[in-house]
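Q: One structure coming up, written as structure tokens, with questions to follow.
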Amino acid sequence: MITEKEISEQLKRTIKAPIRIGSLTDLAINKADFIASFKPFFDTDLMDDVYLVKNNQMAFLKSIFIEDRISLEKIHQDYFEGNLPKTVLNPWIDKLSENQKKEFLILSKITRQRNISSFTVEKSAEKSSEKQRDNLDVKRIEAKSFKQDVSDFRVWKRVFKQASKASVENELFKALLKEVFLLISEIHPTTQKVKVTSHFMRTISDVQIKGENSPEGVHEDGAKYIVSALVINRTNILGGETQIFEAISEKKDLIFNTVLEEGEFAFQADTGEEKEFGTDLWHYVTPIQPINLAEKGVRDIIGFDIEIVS
């Protein structure tokens, strides 16, 4: 497993905040079994991420109708959150040229699908085993809507489909959640309980539009720790490179990059770590595009937002 220590040696300067780049095998989880079990859920369990489409539409209209940016800004959040119908955009859509309308339609394509679920993982007072994993209890909790503690559109409310019981209430997924707890407890040995919000996410690309894994650009997710991606599937794609940055003053310096293959993951400190460890980490994933332009390209990942409860 690659950690901040190996990255520090390569950079010849110290990265203090935790980073773990590894595979399911490093977590004592059978990679082949896990991938085979979870790949099918990405075909059946996800909903279209209309929020990304709405944000793309608004950004496009603001770039065309600069004089109307204030008016568009006033309706942006309500349109994004579903409080206003698409017809609210008609006064601007009707003014677009034919080429602009074609571009608007391309930007309106679904390029991301996802679901959500939340859990607590807690040390059990009733269990006693030499294996740390066996001393942990996993409990699913309600996850109605999702907001991130950030400064872009992700701060607005989004409601995603709940992951099915079959996909997340099984022993393999519970084993993964317990291993996430153990990653945290290696860094914070006194940890008793964590909350994990899970995202199954598919990014789609075709000949007309790249699949944006990180439409917000280089960013933080507003959680204490994240698994930015555990890759489940890469089909017919170029790109999707995981990048980790260190923020130094106003500059974001690329300190690590790799293409995660199926069964590989990236874990890192995300928000507030600069105060605790002295290194401010950010991250980004490059867009994907299909290798064979006649077919769609797909990248499926599981991501986690992790908070220490106690």
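Chain identifiers are assigned as A, B, and so on, following the order in which chains appear in the structure tokens; residues are numbered from 1 within each chain, and ligands are numbered from 1 in order of appearance.
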Where does DSSP see helix (DSSP H, G or I) in segment 175-302 of chain A, if you list the residues as a PDB file with C-alpha atoms, in the first residue's frame?

A:
```pdb
ATOM      1  CA  ALA A 175     -16.439  -6.263   5.641  1.00  0.00           C
ATOM      2  CA  LEU A 176     -15.401  -3.288   3.518  1.00  0.00           C
ATOM      3  CA  LEU A 177     -16.976  -0.826   5.953  1.00  0.00           C
ATOM      4  CA  LYS A 178     -15.149  -2.490   8.830  1.00  0.00           C
ATOM      5  CA  GLU A 179     -11.849  -2.193   6.983  1.00  0.00           C
ATOM      6  CA  VAL A 180     -12.540   1.508   6.461  1.00  0.00           C
ATOM      7  CA  PHE A 181     -12.990   1.803  10.241  1.00  0.00           C
ATOM      8  CA  LEU A 182      -9.654   0.049  10.749  1.00  0.00           C
ATOM      9  CA  LEU A 183      -7.936   2.495   8.382  1.00  0.00           C
ATOM     10  CA  ILE A 184      -9.250   5.299  10.580  1.00  0.00           C
ATOM     11  CA  SER A 185      -8.308   3.575  13.827  1.00  0.00           C
ATOM     12  CA  GLU A 186      -4.713   3.168  12.621  1.00  0.00           C
ATOM     13  CA  ILE A 187      -4.544   6.952  12.406  1.00  0.00           C
ATOM     14  CA  GLU A 273      -6.434  18.064   8.043  1.00  0.00           C
ATOM     15  CA  GLU A 274      -4.212  21.099   7.538  1.00  0.00           C
ATOM     16  CA  LYS A 275      -4.951  22.117  11.140  1.00  0.00           C
ATOM     17  CA  GLU A 276      -4.406  18.628  12.533  1.00  0.00           C
TER      18      GLU A 276
END
```

Q: Quick one: contact table of segment 49-104 of chain A to segment 160-171 of chain A, 12 Å max, nearest atom pair and distance in Å to one decimal per residue, counting only C-alpha atoms, chain and number order, as CSV?

A:
```
residue,atom,partner,partner_atom,distance
A:Asp49,CA,A:Phe160,CA,7.9
A:Val50,CA,A:Phe160,CA,9.8
A:Tyr51,CA,A:Phe160,CA,9.8
A:Glu81,CA,A:Phe160,CA,11.4
```

Q: Could you write out that same residue set with N, CA and C atoms as a PDB file, in the first residue's frame?

A:
```
ATOM      1  N   ASP A  49     -28.045  11.239 -12.370  1.00  0.00           N
ATOM      2  CA  ASP A  49     -27.672  12.432 -11.609  1.00  0.00           C
ATOM      3  C   ASP A  49     -28.110  13.667 -12.397  1.00  0.00           C
ATOM      4  N   VAL A  50     -29.369  14.042 -12.206  1.00  0.00           N
ATOM      5  CA  VAL A  50     -29.913  15.204 -12.919  1.00  0.00           C
ATOM      6  C   VAL A  50     -29.331  16.509 -12.382  1.00  0.00           C
ATOM      7  N   TYR A  51     -28.788  16.473 -11.185  1.00  0.00           N
ATOM      8  CA  TYR A  51     -28.214  17.681 -10.597  1.00  0.00           C
ATOM      9  C   TYR A  51     -26.997  18.148 -11.390  1.00  0.00           C
ATOM     10  N   GLU A  81     -32.338  22.275  -7.175  1.00  0.00           N
ATOM     11  CA  GLU A  81     -32.952  21.430  -6.140  1.00  0.00           C
ATOM     12  C   GLU A  81     -34.312  20.877  -6.546  1.00  0.00           C
TER      13      GLU A  81
END
```

Q: Using backbone DSSP assignments, extract all strand (DSSP E or B) residues from segment 43-218 of chain A; output them as a ChimeraX atom specification.

A: /A:47-48,112-123,136-141,146,158,162,193-205,211

Q: One decimal, Å: what's the distance from atom CA of Leu260 of chain A over to atom CA of Ile209 of chain A, could you say?

A: 21.9 Å

Q: Identify which of the residues A:Met1, A:Pro215, A:Ser97, A:Ser8 lies closest to Asp26 of chain A, counting only C-alpha atoms when measuring atom-to-atom distances.

A: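 The shortest atom-to-atom distance to Asp26 of chain A comes from A:Met1.
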
Q: Please report as CSV every residue of segment 171-260 of chain A lying within 8 Å of segment 292-295 of chain A, along with the nearest atom pair and their distance in Å (one decimal), using only C-alpha atoms.

A:
```
residue,atom,partner,partner_atom,distance
A:Asp206,CA,A:Leu293,CA,6.6
A:Val207,CA,A:Leu293,CA,5.3
A:Asn236,CA,A:Asn292,CA,6.5
```

Q: Now that the selection is made, can you save its residues with C-alpha atoms as a compact mmCIF listing (two decimals), in the first residue's frame?

A:
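Written file, again-v2.txt:
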```
# COMPACT_ATOMS: atom_id res chain seq x y z
CA ASP A 206 -19.60 8.87 -25.52
CA VAL A 207 -18.33 10.36 -28.77
CA ASN A 236 -13.78 1.12 -22.94
```

Q: Residues within 12 Å of Tyr284 of chain A, please, as a count of residues only. Count only C-alpha atoms; anything in the same chain fewer than 3 positions from it doesn't count.

A: 32

Q: Select, from A:Thr87, A:Thr25, A:Gln192, A:Ser108, the residue with the minimum atom-to-atom distance to Lys54 of chain A, counting only C-alpha atoms.

A: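 Using only C-alpha atoms, Lys54 of chain A sits closest to A:Ser108.
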
Q: Here is a test: counting only C-alpha atoms, which residue of A:Ile302, A:Glu103, A:Glu307, A:Asn90 is nearest to Asn115 of chain A?

A: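 Closest to Asn115 of chain A, using only C-alpha atoms: A:Ile302.
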
Q: What separation in Å, quoted to one decimal, exists between atom CA of Ile116 of chain A and atom CA of Asn55 of chain A?

A: 19.7 Å

Q: Do you know which residues are at most 9 Å from Glu122 of chain A counting only C-alpha atoms, after dropping those on the same chain fewer than 5 positions away, and could you put them as a list in words?

A: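 Answer for this query is Asn135, Leu136, Asp137, Val138, Lys139, Lys178, Phe181, Thr191, Gln192, Lys193, Val194 and Lys195 of chain A.
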
Q: Interatomic distance between atom CA of His76 of chain A and atom CA of Gln113 of chain A?

A: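 Taking atom CA of His76 of chain A as the start and atom CA of Gln113 of chain A as the end point, the length is 21.2 Å.
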
Q: Which polymer residues have any atom within 12 Å of an atom of Asn83 of chain A, counting only C-alpha atoms, with same-chain residues fewer than 6 positions away left out, as JSON, numbers by chain?

A: {"A": [75, 76, 77, 157, 158]}

Q: Which residues are near Glu6 of chain A? Cut-off 12 Å, only C-alpha atoms, ignore same chain within fewer than 3 positions. Put them as a short mmCIF file (atom, residue, chain, number, x, y, z; two decimals) with N, CA and C atoms, in the first residue's frame.

A:
```cif
data_model
loop_
_atom_site.label_atom_id
_atom_site.label_comp_id
_atom_site.auth_asym_id
_atom_site.auth_seq_id
_atom_site.Cartn_x
_atom_site.Cartn_y
_atom_site.Cartn_z
N MET A 1 0.84 -1.20 0.00
CA MET A 1 0.00 0.00 0.00
C MET A 1 0.88 1.25 0.00
N ILE A 2 0.56 2.19 -0.85
CA ILE A 2 1.29 3.46 -0.91
C ILE A 2 0.72 4.40 0.15
N THR A 3 1.58 5.03 0.93
CA THR A 3 1.15 5.97 1.95
C THR A 3 1.80 7.32 1.73
N GLU A 9 8.86 10.58 0.25
CA GLU A 9 10.20 10.18 -0.21
C GLU A 9 10.39 10.53 -1.69
N GLN A 10 9.35 10.31 -2.48
CA GLN A 10 9.43 10.61 -3.90
C GLN A 10 9.53 12.11 -4.15
N LEU A 11 8.78 12.90 -3.36
CA LEU A 11 8.76 14.35 -3.54
C LEU A 11 9.98 15.03 -2.91
N LYS A 12 10.62 14.30 -1.96
CA LYS A 12 11.73 14.85 -1.18
C LYS A 12 11.27 16.04 -0.33
N ARG A 13 10.03 15.93 0.16
CA ARG A 13 9.50 16.84 1.16
C ARG A 13 8.39 16.12 1.91
N THR A 14 8.05 16.58 3.08
CA THR A 14 7.16 15.82 3.95
C THR A 14 5.69 16.13 3.69
N ILE A 15 4.93 15.09 3.40
CA ILE A 15 3.47 15.16 3.35
C ILE A 15 2.98 14.54 4.64
N LYS A 16 2.29 15.31 5.46
CA LYS A 16 1.95 14.86 6.81
C LYS A 16 0.56 14.25 6.92
N PRO A 18 -2.71 11.91 6.15
CA PRO A 18 -2.79 10.51 5.74
C PRO A 18 -3.28 10.30 4.31
N ILE A 19 -2.60 9.39 3.61
CA ILE A 19 -2.97 8.94 2.27
C ILE A 19 -2.75 7.43 2.23
N ARG A 20 -3.69 6.70 1.64
CA ARG A 20 -3.53 5.27 1.43
C ARG A 20 -4.00 4.94 0.02
N ILE A 21 -3.11 4.41 -0.79
CA ILE A 21 -3.47 3.94 -2.13
C ILE A 21 -3.22 2.44 -2.15
N ILE A 255 0.77 16.13 -6.17
CA ILE A 255 1.77 15.34 -5.45
C ILE A 255 1.68 13.85 -5.75
N PHE A 256 0.55 13.41 -6.33
CA PHE A 256 0.42 11.99 -6.66
C PHE A 256 -0.63 11.82 -7.73
#
```
